[in-house]
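Below: the structure, in structure tokens.
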Amino acid sequence: MSSSSTAPARVSAFIDAVGINVHMGYFDTPYGNVSSVVTKLDYLGLHHVRDGASWSGWVAPLAELGKAGIKLDLMVGGQGESLDAQLANLTKLAPYVATVEGANEVNYWPVTYNGLTGVSAAVTQQAALNQRLEAIASLKDKPLIGFSVAASAQSGFTPYGDNSAPNDYGNAHVYFAAGTPPADHLAKFIDMANTMTPGDRMFLTETGLPTNGSGPGNQGVSETVQAKYTLNLLMDAYQQGVVRTFLYELQDEFADPQNQDQEQHYGLFRHDGSAKPAAVALHNLTSILGDTASNAATFTTGTLNYSVSGLPSAGHHMLMQEANGNFDILVWNEPVIWDDANSRDLTVAAQNVTVNLGANFSTVNVYDPLVGERPVTTYHNVSSLVLGLTDHPLIVETVGPAGSFTAVPVPNAPSLTAPAAGLVGTQTVGSGTDTLVLKISEDAYRGDAQFTVSVDGKQIGGTLTAHAIKGAGQYENLQIKGDWSAGNHQVAVTFLNDAWDGTADTDRNLHVESATLNGKTIAGGALGTINGTEAFSFAVAKSLATGLLGTQTVGSGTDTLVLKISEDAYRGDAQFTVSVDGKQIGGILTAHAIKGAGQYENLQIKGDWSAGSHQVAVTFLNDAWDGTADTDRNLHVESATLNGKTIAGGALGTINGTEAFSFVEGAASKLVLHMSEDAWNGDAQFKLWVDGVQLGGVQTVTALHSQQQVQDFSFEGIWSPGEHKVQIEFLNDAYGGTAGTDRNLYVEAIDFGSAHHDLKVAMNSGGMASFDHLLFA
């Protein structure tokens, strides 16, 4: 048995100990969109980033992060401008700087300083950096972190000697070969790095796992494994005393659909802006542990005499506390879950772990950050509970003060008379002309299932109790009355007193078997067995079931861009953002019009756009799917117009991650592609870029090359006379092994303004065809 009665850590301190690497100077990557970076950091709940003060051009975007409340750890002295120039950049950013760091991975990026190179230059420069910072009033109180060395053996660190004198903290970079569990690997590498700053606490300024698992010798793992190990890694680092852990990195920098470059897959977000499971899990973790109290960082912690038994050999636990007094016990296990030789996930059976709380609590919540930010199970009046621990953290939260132990009454012996099947009763809550009916049943054990129901976040009725026994074929109707406005509404059912003592006969459950609104079945309303809180949505249409549902306006200006929006709603409405030329307009937007009901809504985006081509990007934020057409949340952009004129390519259709199209402001010229294909198992598809700007969306070719057919694709833009770069990306190459089972794309010719280019280019494999000097006339 493992036990603890020590004072817990504050949850705010744990979250403050997590940061992430960014590259705000990489303007040709997603980091060039600062507002999108801020949105992602807010989603993750992180307030610390690591970057460099290497170049003066990086100051402006880093300052934007600082103004948004993000604290900066900035490297100085490595690759880039002179040390004097980098210190000048750092000084401009001083209000936002939390820590200053020495040069990055000096064994890979050797330092040159005062005529010295290599090891002696790195050591001498770090000492000088300390002195220089002491002489700058706005920086002298900023903690200094040592330079970093990337090495996997002690011999890589030994030549640098003891550098503790100029530094406040040590520095380690730790990466994990072939999906190695983090804990032991982390301790070993931190100890090695700490020989350069003995006695100092450590910053872990780079660590993480890429997600392109492609066999032996590659560090990549699946996205699911990345999510689990990232959570474990953060727990391990904090438990081992790391001051702050900077994950590497926020977002994949460049598109690499063929997974040929491991460096492009370390991000928590994919290149298209969509969240990998690791980002979602980290969002859930910081939401569960989020503490917004004004004294979250200063309150005096208490103690909890808890214990954990049955923990696996690779298991760990840690105690934290919130300002409101709630305790959080974090329990996690770190088995090997990645088979590198076969590039596949390994399944780990759940192992029962008992958490003894040391006192009785009226409410105890259990959270799984891989599942969501709400409890997966809630207990009442318990002093211990059993967790099914697998391969990632679970969080046990005690709510309110501890109470005395109370005996749980044993229910009376069951009646010998078989209960009647069918409807056993109807309960009504709320008031109004609309009627929402939930078909409820339960598995009763040591008392009936209790629950609450909320519509749009507002609880209707008090604590409700189920009575109909599912195993006896019984059900009851819960009628919820209301007057709900046109649009989408969300229903949440929260099971309050889940209980299980290890067998099918000792299990208390709540079931929602179906839902209707005003007598009509609600798709997705059959929630089944409730775990914690489960939700579904229903739509109330206007008197006209189809057509325009409403118009929302964002931005300002004399130009009007209109997107025709609809959604498939499932457990909540689709949420999204819209950016024009990389700048987000409006905040997080919500769709309400149901595509299946023939509804749509207009999103008016106002602006003053200069003459030329502009790109619009729509990012779908909360995609969801539970395996069927009725359990699928989607966002659709059905068309786009600019000042009343239809935009070719603006009908993006169903949005996957981020989709984009372009429009032209001012007098436009045409670019016409003459295309054909070899079709097999579907038609060839492509995208077009001119001078790095995408025109339109995904295009589909149907003209057959073998029959001398040609299909024209027309795009508008404003181009100056002369040479331009035109790129065509073949998206879906396919080959089945024979000449007749081959999908190919052909660029027959391009008309660029009045200039005709007869090309006859065959694209027999996926990827990009570039015409770097194509004449426009």
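Within each chain, counting starts at residue 1; across the structure tokens, chains are named A, B, ... in the order shown, with ligands numbered 1 upward in that order.
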
| field | Long-range neighbours of region 91-99 of chain A as a count of residues only, 8 Å cut-off, only C-alpha atoms, 4 positions minimum in chain | value | 18

| task | Can you check which residues of region 59-137 of chain A DSSP gives as alpha helix (DSSP H) on the backbone and send them as a PyMOL selection string? | result | chain A and resi 59-67+83-92+118-134

Using the selection just defined, write its residues with C-alpha atoms as a compact mmCIF listing (two decimals), in the first residue's frame.
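Wrote it out as result.txt, contents follow:
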# COMPACT_ATOMS: atom_id res chain seq x y z
CA VAL A 59 9.74 40.84 -31.48
CA ALA A 60 6.35 41.96 -32.81
CA PRO A 61 4.57 38.56 -32.77
CA LEU A 62 6.09 37.69 -29.40
CA ALA A 63 4.86 41.01 -28.03
CA GLU A 64 1.36 40.16 -29.29
CA LEU A 65 1.50 36.96 -27.25
CA GLY A 66 2.65 38.93 -24.23
CA LYS A 67 -0.19 41.41 -24.60
CA LEU A 83 24.42 38.82 -28.66
CA ASP A 84 24.03 42.61 -28.35
CA ALA A 85 21.15 42.59 -30.84
CA GLN A 86 19.46 39.64 -29.15
CA LEU A 87 19.70 41.37 -25.77
CA ALA A 88 18.13 44.46 -27.37
CA ASN A 89 15.27 42.27 -28.65
CA LEU A 90 14.92 40.76 -25.19
CA THR A 91 14.79 44.19 -23.56
CA LYS A 92 11.89 45.24 -25.80
CA GLY A 118 32.44 25.09 -29.05
CA VAL A 119 32.41 24.17 -25.35
CA SER A 120 34.53 27.07 -24.10
CA ALA A 121 32.41 29.57 -26.05
CA ALA A 122 29.14 28.22 -24.58
CA VAL A 123 30.46 28.31 -21.01
CA THR A 124 32.09 31.77 -21.37
CA GLN A 125 29.05 33.29 -23.08
CA GLN A 126 26.67 32.00 -20.38
CA ALA A 127 28.72 33.67 -17.65
CA ALA A 128 28.80 36.90 -19.69
CA LEU A 129 25.05 36.65 -20.28
CA ASN A 130 24.46 36.59 -16.53
CA GLN A 131 26.56 39.75 -16.10
CA ARG A 132 24.86 41.51 -19.01
CA LEU A 133 21.39 40.77 -17.64
CA GLU A 134 22.37 42.10 -14.21

| said: Env of Gln427 (chain A): 10 Å cut, atoms = only C-alpha atoms, seq-sep filter 6 positions within chain, self excluded. Answer as a list in words. | reply: Val437, Leu464, Thr465, Ala466, Glu476, Asn477, Leu478, Gln479 and Ile480 of chain A

| message | Need the shell around Gly310 (chain A): protein/DNA/RNA residues with any atom at most 12 Å away, counting only C-alpha atoms. Skip same-chain ones fewer than 6 positions apart. Format as a list of chain:residue names? | response |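 Final neighbour list, sorted by chain and number: A:Met1, A:Ser2, A:Ser3, A:His316, A:His317, A:Val331, A:Asn333, A:Ala350, A:Gln351, A:Asn352, A:Val353, A:Thr354, A:Val355, A:Asn356, A:Val386, A:Leu387, A:Gly388, A:Leu389.
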
List the spatial neighbours of Pro335 (chain A) as a PDB file with C-alpha atoms, in the first residue's frame - criterion: any atom at most 12 Å away, only C-alpha atoms, same-chain residues fewer than 2 positions off excluded.
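Once written, part06.pdb looks like this:
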ATOM      1  CA  GLY A 179       7.422   5.222 -27.204  1.00  0.00           C
ATOM      2  CA  THR A 180       9.377   4.507 -24.019  1.00  0.00           C
ATOM      3  CA  PRO A 181       7.264   5.209 -20.893  1.00  0.00           C
ATOM      4  CA  PRO A 182       8.323   8.621 -19.558  1.00  0.00           C
ATOM      5  CA  ALA A 183       9.008   8.201 -15.816  1.00  0.00           C
ATOM      6  CA  ASP A 184      12.307   6.309 -15.603  1.00  0.00           C
ATOM      7  CA  VAL A 225      -0.270   7.085 -27.454  1.00  0.00           C
ATOM      8  CA  LYS A 228      -1.562   9.238 -22.954  1.00  0.00           C
ATOM      9  CA  TYR A 229       2.211   9.650 -22.631  1.00  0.00           C
ATOM     10  CA  ASN A 232       1.915  10.858 -17.876  1.00  0.00           C
ATOM     11  CA  PRO A 312       0.882  -1.582 -10.512  1.00  0.00           C
ATOM     12  CA  SER A 313       4.682  -1.557 -10.440  1.00  0.00           C
ATOM     13  CA  ALA A 314       4.691   1.316 -12.956  1.00  0.00           C
ATOM     14  CA  GLY A 315       1.966   3.187 -11.089  1.00  0.00           C
ATOM     15  CA  HIS A 316       2.168   6.581  -9.373  1.00  0.00           C
ATOM     16  CA  TRP A 332      -1.615   7.001 -13.187  1.00  0.00           C
ATOM     17  CA  ASN A 333       0.134   3.983 -14.642  1.00  0.00           C
ATOM     18  CA  ILE A 337       1.666   0.911 -24.869  1.00  0.00           C
ATOM     19  CA  TRP A 338       3.473   1.199 -28.227  1.00  0.00           C
ATOM     20  CA  ASP A 339       4.789  -1.722 -30.294  1.00  0.00           C
ATOM     21  CA  ASP A 345      -0.910   0.528 -30.022  1.00  0.00           C
ATOM     22  CA  LEU A 346      -0.787  -2.034 -27.229  1.00  0.00           C
ATOM     23  CA  THR A 347      -3.909  -2.584 -25.132  1.00  0.00           C
ATOM     24  CA  VAL A 348      -3.529  -2.711 -21.360  1.00  0.00           C
ATOM     25  CA  ALA A 349      -6.120  -4.437 -19.199  1.00  0.00           C
ATOM     26  CA  ALA A 350      -7.612  -2.350 -16.402  1.00  0.00           C
ATOM     27  CA  GLN A 351      -6.241  -3.088 -12.948  1.00  0.00           C
ATOM     28  CA  LEU A 389      -6.487   1.966 -13.924  1.00  0.00           C
ATOM     29  CA  THR A 390      -5.022   1.332 -17.388  1.00  0.00           C
ATOM     30  CA  ASP A 391      -2.315   3.525 -18.956  1.00  0.00           C
ATOM     31  CA  HIS A 392      -3.026   7.196 -18.215  1.00  0.00           C
TER      32      HIS A 392
END

| said: To one decimal place in Å, what is the distance between CA of Glu105 (chain A) and CA of Gly52 (chain A)? | reply: 12.7 Å

| request: Go through A:Val726, A:Ile605, A:Met763, A:Ala499 and flag the residue nearest Ser556 (chain A), using only C-alpha atoms for the distances. | output: A:Ile605

| What separation in Å, quoted to one decimal, exists between CA of Ser676 (chain A) and CA of Phe661 (chain A)? | 22.3 Å

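Nearest residue to Asp568 (chain A), choosing from A:Gly596, A:Gly146, A:Gly430, A:Gly525 and counting only C-alpha atoms: A:Gly596.
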
| message | Here is a test: counting only C-alpha atoms, which residue of A:Tyr113, A:Phe576, A:Phe663, A:Phe157 is nearest to Gln79 (chain A)? | response |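 The closest residue to Gln79 (chain A) is A:Tyr113.
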
| What residues in region 231-355 of chain A get the DSSP label strand (DSSP E or B)? Please answer as a PyMOL selection string. | chain A and resi 245-247+251+269+275+306-309+315-321+327-333+338-339+344-345+351-355

For the residues in the current selection, export N, CA, C and O atoms as a tab-separated table (two decimals), in the first residue's frame.
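And here's selection.tsv as it stands now:
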chain	number	residue	atom	x	y	z
A	245	THR	N	7.79	22.44	-17.39
A	245	THR	CA	7.98	21.53	-18.51
A	245	THR	C	7.41	22.17	-19.77
A	245	THR	O	6.21	22.46	-19.82
A	246	PHE	N	8.26	22.40	-20.77
A	246	PHE	CA	7.81	22.95	-22.05
A	246	PHE	C	7.68	21.81	-23.05
A	246	PHE	O	8.68	21.24	-23.49
A	247	LEU	N	6.44	21.47	-23.39
A	247	LEU	CA	6.20	20.44	-24.40
A	247	LEU	C	6.68	20.94	-25.77
A	247	LEU	O	6.61	22.13	-26.06
A	251	GLN	N	2.15	23.21	-32.63
A	251	GLN	CA	1.47	22.81	-33.87
A	251	GLN	C	2.50	22.30	-34.88
A	251	GLN	O	3.63	22.79	-34.93
A	269	PHE	N	-1.31	20.15	-32.14
A	269	PHE	CA	-2.29	20.42	-33.19
A	269	PHE	C	-1.68	20.04	-34.53
A	269	PHE	O	-0.48	20.21	-34.75
A	275	ALA	N	-7.17	19.77	-33.61
A	275	ALA	CA	-6.55	19.28	-32.38
A	275	ALA	C	-6.31	17.78	-32.44
A	275	ALA	O	-7.22	17.01	-32.76
A	306	TYR	N	-4.69	10.04	2.84
A	306	TYR	CA	-5.21	9.05	1.91
A	306	TYR	C	-4.18	7.96	1.67
A	306	TYR	O	-2.99	8.09	2.01
A	307	SER	N	-4.61	6.87	1.05
A	307	SER	CA	-3.69	5.80	0.66
A	307	SER	C	-4.20	5.16	-0.62
A	307	SER	O	-5.39	5.24	-0.95
A	308	VAL	N	-3.27	4.56	-1.36
A	308	VAL	CA	-3.60	3.89	-2.61
A	308	VAL	C	-3.04	2.48	-2.54
A	308	VAL	O	-1.84	2.29	-2.27
A	309	SER	N	-3.87	1.48	-2.76
A	309	SER	CA	-3.42	0.09	-2.71
A	309	SER	C	-3.74	-0.59	-4.03
A	309	SER	O	-4.66	-0.19	-4.76
A	315	GLY	N	2.99	2.23	-11.49
A	315	GLY	CA	1.97	3.19	-11.09
A	315	GLY	C	2.50	4.29	-10.20
A	315	GLY	O	3.53	4.15	-9.53
A	316	HIS	N	1.79	5.42	-10.17
A	316	HIS	CA	2.17	6.58	-9.37
A	316	HIS	C	0.90	7.26	-8.85
A	316	HIS	O	-0.19	7.07	-9.40
A	317	HIS	N	1.06	8.09	-7.84
A	317	HIS	CA	-0.05	8.93	-7.40
A	317	HIS	C	0.51	10.22	-6.80
A	317	HIS	O	1.68	10.29	-6.37
A	318	MET	N	-0.31	11.25	-6.79
A	318	MET	CA	0.12	12.57	-6.33
A	318	MET	C	-1.11	13.32	-5.83
A	318	MET	O	-2.20	13.20	-6.39
A	319	LEU	N	-0.93	14.13	-4.79
A	319	LEU	CA	-2.03	14.86	-4.17
A	319	LEU	C	-1.94	16.34	-4.49
A	319	LEU	O	-0.87	16.95	-4.39
A	320	MET	N	-3.08	16.95	-4.86
A	320	MET	CA	-3.18	18.38	-5.09
A	320	MET	C	-4.42	18.91	-4.39
A	320	MET	O	-5.28	18.15	-3.95
A	321	GLN	N	-4.51	20.24	-4.32
A	321	GLN	CA	-5.67	20.84	-3.66
A	321	GLN	C	-6.07	22.12	-4.37
A	321	GLN	O	-5.23	22.85	-4.90
A	327	PHE	N	-9.81	18.32	-2.60
A	327	PHE	CA	-8.56	17.62	-2.88
A	327	PHE	C	-8.67	16.90	-4.23
A	327	PHE	O	-9.75	16.45	-4.62
A	328	ASP	N	-7.54	16.81	-4.93
A	328	ASP	CA	-7.46	16.06	-6.18
A	328	ASP	C	-6.34	15.04	-6.06
A	328	ASP	O	-5.17	15.41	-5.89
A	329	ILE	N	-6.71	13.77	-6.13
A	329	ILE	CA	-5.72	12.69	-6.10
A	329	ILE	C	-5.52	12.21	-7.54
A	329	ILE	O	-6.46	11.72	-8.17
A	330	LEU	N	-4.30	12.37	-8.04
A	330	LEU	CA	-3.98	11.95	-9.40
A	330	LEU	C	-3.31	10.59	-9.34
A	330	LEU	O	-2.30	10.41	-8.64
A	331	VAL	N	-3.88	9.61	-10.03
A	331	VAL	CA	-3.37	8.24	-10.04
A	331	VAL	C	-3.12	7.85	-11.50
A	331	VAL	O	-4.01	8.00	-12.34
A	332	TRP	N	-1.91	7.36	-11.79
A	332	TRP	CA	-1.62	7.00	-13.19
A	332	TRP	C	-0.67	5.81	-13.26
A	332	TRP	O	0.02	5.47	-12.29
A	333	ASN	N	-0.67	5.17	-14.40
A	333	ASN	CA	0.13	3.98	-14.64
A	333	ASN	C	0.86	4.16	-15.96
A	333	ASN	O	0.33	4.77	-16.89
A	338	TRP	N	3.17	1.03	-26.80
A	338	TRP	CA	3.47	1.20	-28.23
A	338	TRP	C	4.41	0.09	-28.68
A	338	TRP	O	5.49	-0.11	-28.12
A	339	ASP	N	3.98	-0.68	-29.68
A	339	ASP	CA	4.79	-1.72	-30.29
A	339	ASP	C	5.52	-1.10	-31.48
A	339	ASP	O	4.95	-0.94	-32.56
A	344	ARG	N	2.11	-0.18	-33.77
A	344	ARG	CA	0.72	-0.30	-33.35
A	344	ARG	C	0.60	-0.07	-31.84
A	344	ARG	O	1.56	-0.26	-31.08
A	345	ASP	N	-0.61	0.35	-31.43
A	345	ASP	CA	-0.91	0.53	-30.02
A	345	ASP	C	-1.00	-0.83	-29.33
A	345	ASP	O	-1.40	-1.83	-29.94
A	351	GLN	N	-6.61	-2.48	-14.22
A	351	GLN	CA	-6.24	-3.09	-12.95
A	351	GLN	C	-6.92	-2.31	-11.83
A	351	GLN	O	-6.82	-1.08	-11.77
A	352	ASN	N	-7.62	-3.01	-10.97
A	352	ASN	CA	-8.34	-2.35	-9.89
A	352	ASN	C	-7.38	-1.79	-8.85
A	352	ASN	O	-6.52	-2.51	-8.33
A	353	VAL	N	-7.52	-0.50	-8.60
A	353	VAL	CA	-6.70	0.20	-7.61
A	353	VAL	C	-7.66	0.84	-6.60
A	353	VAL	O	-8.61	1.53	-6.99
A	354	THR	N	-7.42	0.61	-5.33
A	354	THR	CA	-8.29	1.15	-4.29
A	354	THR	C	-7.70	2.44	-3.73
A	354	THR	O	-6.54	2.48	-3.33
A	355	VAL	N	-8.51	3.49	-3.72
A	355	VAL	CA	-8.12	4.77	-3.14
A	355	VAL	C	-8.90	4.94	-1.84
A	355	VAL	O	-10.12	5.06	-1.85
